>>> print(open('target-v7.pdb').read())   # PDB, N, CA and C atoms
MODEL        1
ATOM      1  N   MET A   1     232.794 144.431  90.955
ATOM      2  CA  MET A   1     232.457 143.145  90.376
ATOM      3  C   MET A   1     231.726 143.397  89.056
ATOM      4  N   PRO A   2     232.095 142.726  87.979
ATOM      5  CA  PRO A   2     231.426 142.939  86.696
ATOM      6  C   PRO A   2     230.005 142.393  86.716
ATOM      7  N   VAL A   3     229.166 143.034  85.937
ATOM      8  CA  VAL A   3     227.764 142.642  85.832
ATOM      9  C   VAL A   3     227.568 141.885  84.527
ATOM     10  N   THR A   4     226.874 140.744  84.593
ATOM     11  CA  THR A   4     226.540 139.989  83.389
ATOM     12  C   THR A   4     225.123 140.350  82.992
ATOM     13  N   LEU A   5     224.957 140.871  81.794
ATOM     14  CA  LEU A   5     223.636 141.261  81.323
ATOM     15  C   LEU A   5     222.924 140.067  80.701
ATOM     16  N   THR A   6     221.678 139.910  81.043
ATOM     17  CA  THR A   6     220.857 138.848  80.494
ATOM     18  C   THR A   6     220.073 139.395  79.307
ATOM     19  N   ASN A   7     219.974 138.579  78.250
ATOM     20  CA  ASN A   7     219.183 139.000  77.090
ATOM     21  C   ASN A   7     217.726 139.148  77.481
ATOM     22  N   ILE A   8     217.127 140.232  77.048
ATOM     23  CA  ILE A   8     215.712 140.465  77.290
ATOM     24  C   ILE A   8     214.975 140.205  75.992
ATOM     25  N   GLY A   9     213.825 139.603  76.074
ATOM     26  CA  GLY A   9     213.025 139.351  74.880
ATOM     27  C   GLY A   9     212.734 137.878  74.713
ATOM     28  N   ILE A  10     212.052 137.579  73.644
ATOM     29  CA  ILE A  10     211.623 136.207  73.368
ATOM     30  C   ILE A  10     212.833 135.382  72.956
ATOM     31  N   GLN A  11     213.070 134.275  73.649
ATOM     32  CA  GLN A  11     214.207 133.413  73.364
ATOM     33  C   GLN A  11     213.786 132.043  72.838
ATOM     34  N   SER A  12     212.477 131.762  72.784
ATOM     35  CA  SER A  12     212.024 130.402  72.473
ATOM     36  C   SER A  12     211.714 130.171  71.002
ATOM     37  N   VAL A  13     211.693 131.200  70.171
ATOM     38  CA  VAL A  13     211.450 131.017  68.739
ATOM     39  C   VAL A  13     212.506 131.774  67.949
ATOM     40  N   ASP A  14     212.769 131.326  66.728
ATOM     41  CA  ASP A  14     213.774 131.937  65.866
ATOM     42  C   ASP A  14     213.158 132.967  64.929
ATOM     43  N   ILE A  15     212.135 133.656  65.353
ATOM     44  CA  ILE A  15     211.458 134.648  64.520
ATOM     45  C   ILE A  15     211.873 136.027  65.016
ATOM     46  N   THR A  16     212.563 136.773  64.187
ATOM     47  CA  THR A  16     213.141 138.048  64.590
ATOM     48  C   THR A  16     212.096 139.044  65.066
ATOM     49  N   LEU A  17     210.960 139.121  64.368
ATOM     50  CA  LEU A  17     209.973 140.153  64.678
ATOM     51  C   LEU A  17     208.787 139.621  65.487
ATOM     52  N   ALA A  18     209.002 138.574  66.283
ATOM     53  CA  ALA A  18     207.941 138.053  67.152
ATOM     54  C   ALA A  18     207.698 139.040  68.285
ATOM     55  N   GLU A  19     206.423 139.347  68.538
ATOM     56  CA  GLU A  19     206.057 140.251  69.630
ATOM     57  C   GLU A  19     205.634 139.506  70.881
ATOM     58  N   SER A  20     204.984 138.361  70.698
ATOM     59  CA  SER A  20     204.550 137.604  71.875
ATOM     60  C   SER A  20     204.465 136.122  71.539
ATOM     61  N   VAL A  21     204.721 135.312  72.553
ATOM     62  CA  VAL A  21     204.620 133.855  72.457
ATOM     63  C   VAL A  21     203.874 133.388  73.692
ATOM     64  N   GLU A  22     202.817 132.608  73.493
ATOM     65  CA  GLU A  22     202.070 132.043  74.614
ATOM     66  C   GLU A  22     201.998 130.538  74.431
ATOM     67  N   VAL A  23     202.298 129.799  75.496
ATOM     68  CA  VAL A  23     202.251 128.336  75.459
ATOM     69  C   VAL A  23     201.504 127.860  76.695
ATOM     70  N   SER A  24     200.560 126.943  76.507
ATOM     71  CA  SER A  24     199.865 126.342  77.642
ATOM     72  C   SER A  24     199.856 124.828  77.456
ATOM     73  N   ALA A  25     200.021 124.113  78.549
ATOM     74  CA  ALA A  25     200.037 122.650  78.527
ATOM     75  C   ALA A  25     198.778 122.123  79.198
ATOM     76  N   LYS A  26     198.288 120.996  78.681
ATOM     77  CA  LYS A  26     197.109 120.381  79.295
ATOM     78  C   LYS A  26     197.168 118.867  79.119
ATOM     79  N   ILE A  27     196.391 118.179  79.924
ATOM     80  CA  ILE A  27     196.287 116.723  79.848
ATOM     81  C   ILE A  27     194.820 116.333  79.966
ATOM     82  N   GLU A  28     194.519 115.139  79.555
ATOM     83  CA  GLU A  28     193.216 114.538  79.831
ATOM     84  C   GLU A  28     193.369 113.730  81.117
ATOM     85  N   ALA A  29     192.387 113.788  81.976
ATOM     86  CA  ALA A  29     192.444 113.067  83.241
ATOM     87  C   ALA A  29     191.227 112.166  83.369
ATOM     88  N   LYS A  30     191.451 110.977  83.896
ATOM     89  CA  LYS A  30     190.363 110.027  84.109
ATOM     90  C   LYS A  30     190.416 109.548  85.555
ATOM     91  N   PRO A  31     189.462 109.977  86.391
ATOM     92  CA  PRO A  31     189.450 109.503  87.777
ATOM     93  C   PRO A  31     188.814 108.116  87.883
ATOM     94  N   LEU A  32     189.227 107.382  88.893
ATOM     95  CA  LEU A  32     188.631 106.087  89.208
ATOM     96  C   LEU A  32     187.967 106.228  90.569
ATOM     97  N   LEU A  33     186.665 105.974  90.626
ATOM     98  CA  LEU A  33     185.904 106.115  91.860
ATOM     99  C   LEU A  33     185.672 104.749  92.490
ATOM    100  N   ASP A  34     185.651 104.705  93.817
ATOM    101  CA  ASP A  34     185.353 103.439  94.493
ATOM    102  C   ASP A  34     183.839 103.255  94.602
ATOM    103  N   LYS A  35     183.398 102.188  95.262
ATOM    104  CA  LYS A  35     181.966 101.873  95.318
ATOM    105  C   LYS A  35     181.156 102.917  96.075
ATOM    106  N   SER A  36     181.825 103.761  96.888
ATOM    107  CA  SER A  36     181.140 104.829  97.606
ATOM    108  C   SER A  36     181.139 106.144  96.834
ATOM    109  N   GLY A  37     181.718 106.130  95.645
ATOM    110  CA  GLY A  37     181.772 107.342  94.837
ATOM    111  C   GLY A  37     182.906 108.276  95.194
ATOM    112  N   ARG A  38     183.837 107.803  96.024
ATOM    113  CA  ARG A  38     184.996 108.619  96.388
ATOM    114  C   ARG A  38     186.145 108.356  95.428
ATOM    115  N   PHE A  39     187.015 109.349  95.312
ATOM    116  CA  PHE A  39     188.185 109.233  94.448
ATOM    117  C   PHE A  39     189.095 108.119  94.970
ATOM    118  N   ALA A  40     189.425 107.144  94.124
ATOM    119  CA  ALA A  40     190.298 106.046  94.509
ATOM    120  C   ALA A  40     191.640 106.104  93.782
ATOM    121  N   ASP A  41     191.626 106.528  92.544
ATOM    122  CA  ASP A  41     192.846 106.601  91.753
ATOM    123  C   ASP A  41     192.573 107.473  90.534
ATOM    124  N   GLY A  42     193.588 107.724  89.773
ATOM    125  CA  GLY A  42     193.411 108.521  88.572
ATOM    126  C   GLY A  42     194.558 108.299  87.602
ATOM    127  N   ALA A  43     194.316 108.635  86.362
ATOM    128  CA  ALA A  43     195.346 108.507  85.338
ATOM    129  C   ALA A  43     195.304 109.740  84.450
ATOM    130  N   ALA A  44     196.476 110.166  84.033
ATOM    131  CA  ALA A  44     196.593 111.293  83.108
ATOM    132  C   ALA A  44     197.091 110.753  81.770
ATOM    133  N   PHE A  45     196.528 111.271  80.681
ATOM    134  CA  PHE A  45     196.938 110.800  79.359
ATOM    135  C   PHE A  45     196.733 111.905  78.331
ATOM    136  N   ASP A  46     197.218 111.694  77.134
ATOM    137  CA  ASP A  46     197.105 112.627  76.014
ATOM    138  C   ASP A  46     197.542 114.046  76.354
ATOM    139  N   PRO A  47     198.814 114.230  76.748
ATOM    140  CA  PRO A  47     199.276 115.600  76.982
ATOM    141  C   PRO A  47     199.369 116.358  75.656
ATOM    142  N   THR A  48     199.001 117.615  75.680
ATOM    143  CA  THR A  48     199.143 118.492  74.518
ATOM    144  C   THR A  48     199.573 119.876  75.003
ATOM    145  N   SER A  49     200.150 120.630  74.093
ATOM    146  CA  SER A  49     200.501 122.017  74.369
ATOM    147  C   SER A  49     199.896 122.879  73.276
ATOM    148  N   ASP A  50     199.177 123.917  73.666
ATOM    149  CA  ASP A  50     198.646 124.895  72.719
ATOM    150  C   ASP A  50     199.598 126.081  72.695
ATOM    151  N   PHE A  51     199.782 126.684  71.530
ATOM    152  CA  PHE A  51     200.650 127.842  71.440
ATOM    153  C   PHE A  51     200.054 128.885  70.506
ATOM    154  N   SER A  52     200.447 130.129  70.721
ATOM    155  CA  SER A  52     200.087 131.206  69.793
ATOM    156  C   SER A  52     201.264 132.162  69.710
ATOM    157  N   LEU A  53     201.502 132.651  68.510
ATOM    158  CA  LEU A  53     202.575 133.596  68.233
ATOM    159  C   LEU A  53     201.981 134.826  67.574
ATOM    160  N   LYS A  54     202.517 135.993  67.887
ATOM    161  CA  LYS A  54     202.117 137.240  67.240
ATOM    162  C   LYS A  54     203.376 137.983  66.864
ATOM    163  N   GLY A  55     203.337 138.640  65.702
ATOM    164  CA  GLY A  55     204.515 139.372  65.280
ATOM    165  C   GLY A  55     204.193 140.469  64.294
ATOM    166  N   ARG A  56     205.231 141.200  63.911
ATOM    167  CA  ARG A  56     205.118 142.298  62.958
ATOM    168  C   ARG A  56     205.972 141.986  61.743
ATOM    169  N   GLY A  57     205.725 142.721  60.673
ATOM    170  CA  GLY A  57     206.446 142.492  59.429
ATOM    171  C   GLY A  57     205.741 141.429  58.612
ATOM    172  N   ASP A  58     206.389 140.958  57.575
ATOM    173  CA  ASP A  58     205.804 139.915  56.735
ATOM    174  C   ASP A  58     205.758 138.592  57.477
ATOM    175  N   LEU A  59     204.768 137.774  57.168
ATOM    176  CA  LEU A  59     204.641 136.442  57.757
ATOM    177  C   LEU A  59     205.883 135.633  57.426
ATOM    178  N   PRO A  60     206.562 135.035  58.423
ATOM    179  CA  PRO A  60     207.723 134.201  58.131
ATOM    180  C   PRO A  60     207.345 133.057  57.185
ATOM    181  N   ALA A  61     208.238 132.735  56.255
ATOM    182  CA  ALA A  61     207.950 131.786  55.182
ATOM    183  C   ALA A  61     207.527 130.409  55.683
ATOM    184  N   GLY A  62     208.055 129.931  56.802
ATOM    185  CA  GLY A  62     207.743 128.585  57.271
ATOM    186  C   GLY A  62     206.410 128.441  57.972
ATOM    187  N   LEU A  63     205.758 129.543  58.307
ATOM    188  CA  LEU A  63     204.511 129.467  59.064
ATOM    189  C   LEU A  63     203.327 129.311  58.109
ATOM    190  N   ALA A  64     202.808 128.098  58.015
ATOM    191  CA  ALA A  64     201.679 127.815  57.132
ATOM    192  C   ALA A  64     200.766 126.805  57.812
ATOM    193  N   VAL A  65     199.484 126.917  57.559
ATOM    194  CA  VAL A  65     198.495 126.000  58.142
ATOM    195  C   VAL A  65     198.802 124.575  57.697
ATOM    196  N   GLY A  66     198.722 123.641  58.643
ATOM    197  CA  GLY A  66     198.945 122.232  58.346
ATOM    198  C   GLY A  66     200.399 121.818  58.368
ATOM    199  N   THR A  67     201.312 122.728  58.731
ATOM    200  CA  THR A  67     202.729 122.385  58.812
ATOM    201  C   THR A  67     203.204 122.508  60.254
ATOM    202  N   ASP A  68     204.484 122.206  60.461
ATOM    203  CA  ASP A  68     205.057 122.366  61.801
ATOM    204  C   ASP A  68     205.764 123.705  61.963
ATOM    205  N   GLY A  69     205.716 124.544  60.954
ATOM    206  CA  GLY A  69     206.339 125.856  61.031
ATOM    207  C   GLY A  69     207.827 125.852  60.780
ATOM    208  N   GLY A  70     208.389 124.709  60.409
ATOM    209  CA  GLY A  70     209.831 124.642  60.176
ATOM    210  C   GLY A  70     210.603 124.901  61.440
ATOM    211  N   SER A  71     211.782 125.450  61.319
ATOM    212  CA  SER A  71     212.610 125.712  62.490
ATOM    213  C   SER A  71     212.139 126.935  63.257
ATOM    214  N   ASP A  72     211.194 127.698  62.697
ATOM    215  CA  ASP A  72     210.747 128.938  63.345
ATOM    216  C   ASP A  72     210.124 128.705  64.721
ATOM    217  N   VAL A  73     209.377 127.628  64.901
ATOM    218  CA  VAL A  73     208.768 127.353  66.210
ATOM    219  C   VAL A  73     209.410 126.133  66.866
ATOM    220  N   GLY A  74     210.496 125.649  66.322
ATOM    221  CA  GLY A  74     211.156 124.451  66.839
ATOM    222  C   GLY A  74     211.665 124.581  68.257
ATOM    223  N   GLY A  75     211.987 125.782  68.701
ATOM    224  CA  GLY A  75     212.505 125.965  70.045
ATOM    225  C   GLY A  75     211.463 125.879  71.145
ATOM    226  N   LEU A  76     210.187 125.861  70.768
ATOM    227  CA  LEU A  76     209.130 125.807  71.782
ATOM    228  C   LEU A  76     208.993 124.436  72.423
ATOM    229  N   PHE A  77     209.240 123.361  71.652
ATOM    230  CA  PHE A  77     208.953 122.007  72.129
ATOM    231  C   PHE A  77     210.135 121.093  71.873
ATOM    232  N   ALA A  78     210.330 120.129  72.775
ATOM    233  CA  ALA A  78     211.474 119.223  72.673
ATOM    234  C   ALA A  78     211.248 118.086  71.688
ATOM    235  N   GLY A  79     210.022 117.767  71.364
ATOM    236  CA  GLY A  79     209.780 116.655  70.449
ATOM    237  C   GLY A  79     208.313 116.512  70.135
ATOM    238  N   GLY A  80     207.948 115.356  69.599
ATOM    239  CA  GLY A  80     206.571 115.108  69.234
ATOM    240  C   GLY A  80     206.231 115.706  67.884
ATOM    241  N   VAL A  81     204.949 115.939  67.657
ATOM    242  CA  VAL A  81     204.456 116.497  66.400
ATOM    243  C   VAL A  81     203.815 117.850  66.689
ATOM    244  N   THR A  82     204.212 118.863  65.922
ATOM    245  CA  THR A  82     203.658 120.201  66.044
ATOM    246  C   THR A  82     202.877 120.522  64.785
ATOM    247  N   LEU A  83     201.638 121.016  64.940
ATOM    248  CA  LEU A  83     200.811 121.402  63.799
ATOM    249  C   LEU A  83     200.277 122.810  63.997
ATOM    250  N   ILE A  84     200.430 123.631  62.968
ATOM    251  CA  ILE A  84     199.866 124.975  62.982
ATOM    252  C   ILE A  84     198.447 124.882  62.437
ATOM    253  N   SER A  85     197.475 125.324  63.222
ATOM    254  CA  SER A  85     196.068 125.183  62.828
ATOM    255  C   SER A  85     195.439 126.485  62.357
ATOM    256  N   SER A  86     196.095 127.623  62.619
ATOM    257  CA  SER A  86     195.512 128.900  62.241
ATOM    258  C   SER A  86     196.623 129.901  61.933
ATOM    259  N   VAL A  87     196.461 130.633  60.828
ATOM    260  CA  VAL A  87     197.384 131.709  60.461
ATOM    261  C   VAL A  87     196.549 132.913  60.052
ATOM    262  N   LYS A  88     196.913 134.077  60.562
ATOM    263  CA  LYS A  88     196.185 135.297  60.246
ATOM    264  C   LYS A  88     197.196 136.384  59.888
ATOM    265  N   GLU A  89     196.938 137.108  58.791
ATOM    266  CA  GLU A  89     197.787 138.222  58.382
ATOM    267  C   GLU A  89     196.948 139.499  58.358
ATOM    268  N   MET A  90     197.529 140.626  58.827
ATOM    269  CA  MET A  90     196.831 141.894  58.865
ATOM    270  C   MET A  90     197.688 142.968  58.194
ATOM    271  N   GLU A  91     197.013 143.891  57.494
ATOM    272  CA  GLU A  91     197.682 145.031  56.881
ATOM    273  C   GLU A  91     196.900 146.301  57.174
ATOM    274  N   LYS A  92     197.635 147.414  57.414
ATOM    275  CA  LYS A  92     197.028 148.725  57.598
ATOM    276  C   LYS A  92     197.864 149.735  56.820
ATOM    277  N   ASN A  93     197.240 150.795  56.368
ATOM    278  CA  ASN A  93     197.959 151.809  55.598
ATOM    279  C   ASN A  93     199.034 152.521  56.407
ATOM    280  N   ASP A  94     198.814 152.735  57.694
ATOM    281  CA  ASP A  94     199.741 153.552  58.475
ATOM    282  C   ASP A  94     200.533 152.756  59.516
ATOM    283  N   ASP A  95     200.689 151.454  59.310
ATOM    284  CA  ASP A  95     201.392 150.634  60.297
ATOM    285  C   ASP A  95     202.069 149.472  59.593
ATOM    286  N   TRP A  96     202.951 148.790  60.305
ATOM    287  CA  TRP A  96     203.610 147.604  59.778
ATOM    288  C   TRP A  96     202.602 146.481  59.610
ATOM    289  N   ASN A  97     202.887 145.562  58.697
ATOM    290  CA  ASN A  97     202.086 144.347  58.598
ATOM    291  C   ASN A  97     202.160 143.614  59.934
ATOM    292  N   ALA A  98     201.145 142.824  60.219
ATOM    293  CA  ALA A  98     201.122 142.031  61.441
ATOM    294  C   ALA A  98     200.646 140.628  61.097
ATOM    295  N   TRP A  99     200.972 139.684  61.950
ATOM    296  CA  TRP A  99     200.540 138.306  61.724
ATOM    297  C   TRP A  99     200.359 137.602  63.068
ATOM    298  N   GLU A 100     199.572 136.541  63.019
ATOM    299  CA  GLU A 100     199.345 135.682  64.183
ATOM    300  C   GLU A 100     199.256 134.246  63.700
ATOM    301  N   CYS A 101     199.695 133.313  64.509
ATOM    302  CA  CYS A 101     199.468 131.897  64.201
ATOM    303  C   CYS A 101     199.292 131.151  65.514
ATOM    304  N   SER A 102     198.618 130.024  65.435
ATOM    305  CA  SER A 102     198.413 129.199  66.620
ATOM    306  C   SER A 102     198.371 127.737  66.201
ATOM    307  N   GLY A 103     198.567 126.866  67.167
ATOM    308  CA  GLY A 103     198.548 125.432  66.875
ATOM    309  C   GLY A 103     198.743 124.623  68.140
ATOM    310  N   GLN A 104     199.064 123.345  67.931
ATOM    311  CA  GLN A 104     199.239 122.418  69.039
ATOM    312  C   GLN A 104     200.474 121.565  68.829
ATOM    313  N   ASN A 105     201.046 121.141  69.965
ATOM    314  CA  ASN A 105     202.124 120.171  69.963
ATOM    315  C   ASN A 105     201.622 118.930  70.688
ATOM    316  N   PHE A 106     201.873 117.762  70.077
ATOM    317  CA  PHE A 106     201.494 116.475  70.662
ATOM    318  C   PHE A 106     202.790 115.750  70.992
ATOM    319  N   PRO A 107     203.290 115.845  72.253
ATOM    320  CA  PRO A 107     204.627 115.354  72.579
ATOM    321  C   PRO A 107     204.795 113.834  72.453
ATOM    322  N   ASN A 108     203.727 113.058  72.536
ATOM    323  CA  ASN A 108     203.849 111.601  72.441
ATOM    324  C   ASN A 108     203.667 111.069  71.027
ATOM    325  N   ALA A 109     203.370 111.945  70.081
ATOM    326  CA  ALA A 109     203.168 111.522  68.693
ATOM    327  C   ALA A 109     204.516 111.444  67.973
ATOM    328  N   SER A 110     204.527 110.651  66.908
ATOM    329  CA  SER A 110     205.754 110.554  66.104
ATOM    330  C   SER A 110     205.431 110.578  64.622
TER
ENDMDL
END
>>> encode(input="target-v7.pdb", output="structure tokens")
Amino acid sequence: MPVTLTNIGIQSVDITLAESVEVSAKIEAKPLLDKSGRFADGAAFDPTSDFSLKGRGDLPAGLAVGTDGGSDVGGLFAGGVTLISSVKEMEKNDDWNAWECSGQNFPNAS
């Protein structure tokens, strides 16, 4: 029987030299307590996703603070507004350039 090989590596971003991608999702929660102080109900609102990317080589052209990163990080989220809040570039004499960026996605924003 033939074997189908699965691609190994990062598949969620279009950045060739990405070394790692981390994404975490969170929400704000508001509990409603009854007169005895017990949990009666709750609501979740303001979902957000935090992300960080690390890579080698030159910083990809679309990754800039205050932008959505262009198509480079487009595969991480299905919609909403994505903002890059931090970009860091590193250089060493005996190694490849390195870079990091992080930001947030607000899926309910337009």
>>> atom_distance(input="target-v7.pdb", atom1="atom CA of A:Ala64", atom2="atom C of A:Val21")
17.6 Å
>>> atom_distance(input="target-v7.pdb", atom1="atom N of A:Pro107", atom2="atom N of A:Glu22")
16.8 Å
>>> select_by_dssp(input="target-v7.pdb", residues="chain A", states="strand (DSSP E or B)", output="MDAnalysis selection string")
chainID A and resid 18:33 39:56 81:90 98:106
>>> atom_distance(input="target-v7.pdb", atom1="atom C of A:Phe77", atom2="atom C of A:Ala109")
11.8 Å
>>> closest_residue(input="target-v7.pdb", among="A:Asp50, A:Thr67, A:Cys101, A:Lys26", to="A:Glu89", atoms="all atoms listed in the file")
A:Cys101
>>> closest_residue(input="target-v7.pdb", among="A:Gly57, A:Pro47, A:Gly62, A:Gly9", to="A:Val81", atoms="only C-alpha atoms")
A:Pro47
>>> closest_residue(input="target-v7.pdb", among="A:Thr4, A:Ser86, A:Ala29, A:Leu59", to="A:Phe45", atoms="all atoms listed in the file")
A:Ala29
>>> resolve_selection(input="target-v7.pdb", expression="the PyMOL selection byres (((chain A and resi 17 and name CA) around 10) and name CA)", output="PyMOL selection string")
chain A and resi 10+14-16+18-20+54-60+98
>>> closest_residue(input="target-v7.pdb", among="A:Gly37, A:Val23, A:Gly70, A:Val87", to="A:Trp99", atoms="only C-alpha atoms")
A:Val87
>>> residues_around(input="target-v7.pdb", residues="A:Val73", least_positions_apart="3", cutoff="6 Å", atoms="only C-alpha atoms", output="list in words")
Val13, Gly69 and Leu76 of chain A
>>> write_last_selection(input="target-v7.pdb", atoms="N, CA and C atoms", output="PDB file, in the coordinates of the input")
ATOM      1  N   VAL A  13     211.693 131.200  70.171  1.00  0.00           N
ATOM      2  CA  VAL A  13     211.450 131.017  68.739  1.00  0.00           C
ATOM      3  C   VAL A  13     212.506 131.774  67.949  1.00  0.00           C
ATOM      4  N   GLY A  69     205.716 124.544  60.954  1.00  0.00           N
ATOM      5  CA  GLY A  69     206.339 125.856  61.031  1.00  0.00           C
ATOM      6  C   GLY A  69     207.827 125.852  60.780  1.00  0.00           C
ATOM      7  N   LEU A  76     210.187 125.861  70.768  1.00  0.00           N
ATOM      8  CA  LEU A  76     209.130 125.807  71.782  1.00  0.00           C
ATOM      9  C   LEU A  76     208.993 124.436  72.423  1.00  0.00           C
TER      10      LEU A  76
END
>>> decode(input="target-v7.pdb", residues="stretch 43-65 of chain A", atoms="N, CA and C atoms", output="short mmCIF file (atom, residue, chain, number, x, y, z; two decimals), in the first residue's frame")
data_model
loop_
_atom_site.label_atom_id
_atom_site.label_comp_id
_atom_site.auth_asym_id
_atom_site.auth_seq_id
_atom_site.Cartn_x
_atom_site.Cartn_y
_atom_site.Cartn_z
N ALA A 43 -21.31 35.27 31.05
CA ALA A 43 -21.23 35.67 29.65
C ALA A 43 -19.77 35.83 29.27
N ALA A 44 -19.47 35.45 28.04
CA ALA A 44 -18.12 35.62 27.50
C ALA A 44 -18.18 36.69 26.41
N PHE A 45 -17.17 37.55 26.38
CA PHE A 45 -17.16 38.61 25.37
C PHE A 45 -15.72 39.01 25.07
N ASP A 46 -15.54 39.83 24.06
CA ASP A 46 -14.24 40.33 23.62
C ASP A 46 -13.19 39.24 23.42
N PRO A 47 -13.45 38.30 22.50
CA PRO A 47 -12.42 37.30 22.22
C PRO A 47 -11.23 37.95 21.50
N THR A 48 -10.04 37.54 21.85
CA THR A 48 -8.83 37.99 21.17
C THR A 48 -7.87 36.80 21.04
N SER A 49 -6.96 36.92 20.10
CA SER A 49 -5.90 35.93 19.94
C SER A 49 -4.57 36.67 19.95
N ASP A 50 -3.64 36.22 20.78
CA ASP A 50 -2.28 36.75 20.79
C ASP A 50 -1.41 35.82 19.96
N PHE A 51 -0.45 36.38 19.24
CA PHE A 51 0.44 35.55 18.45
C PHE A 51 1.86 36.08 18.52
N SER A 52 2.81 35.18 18.30
CA SER A 52 4.21 35.58 18.17
C SER A 52 4.86 34.70 17.11
N LEU A 53 5.72 35.32 16.32
CA LEU A 53 6.45 34.64 15.26
C LEU A 53 7.93 34.87 15.47
N LYS A 54 8.74 33.87 15.17
CA LYS A 54 10.19 33.99 15.21
C LYS A 54 10.74 33.40 13.94
N GLY A 55 11.80 34.03 13.41
CA GLY A 55 12.37 33.51 12.19
C GLY A 55 13.81 33.93 12.00
N ARG A 56 14.40 33.45 10.91
CA ARG A 56 15.78 33.76 10.56
C ARG A 56 15.80 34.47 9.22
N GLY A 57 16.93 35.08 8.92
CA GLY A 57 17.07 35.84 7.69
C GLY A 57 16.59 37.26 7.89
N ASP A 58 16.44 37.99 6.82
CA ASP A 58 15.96 39.37 6.91
C ASP A 58 14.49 39.40 7.30
N LEU A 59 14.09 40.44 8.01
CA LEU A 59 12.69 40.63 8.39
C LEU A 59 11.84 40.71 7.14
N PRO A 60 10.77 39.90 7.02
CA PRO A 60 9.89 39.99 5.86
C PRO A 60 9.32 41.41 5.72
N ALA A 61 9.21 41.88 4.48
CA ALA A 61 8.85 43.27 4.20
C ALA A 61 7.51 43.68 4.80
N GLY A 62 6.53 42.79 4.88
CA GLY A 62 5.20 43.16 5.37
C GLY A 62 5.08 43.26 6.87
N LEU A 63 6.07 42.80 7.62
CA LEU A 63 5.96 42.79 9.07
C LEU A 63 6.45 44.12 9.64
N ALA A 64 5.51 44.96 10.04
CA ALA A 64 5.84 46.27 10.59
C ALA A 64 4.86 46.59 11.71
N VAL A 65 5.33 47.30 12.71
CA VAL A 65 4.48 47.69 13.85
C VAL A 65 3.32 48.54 13.35
#
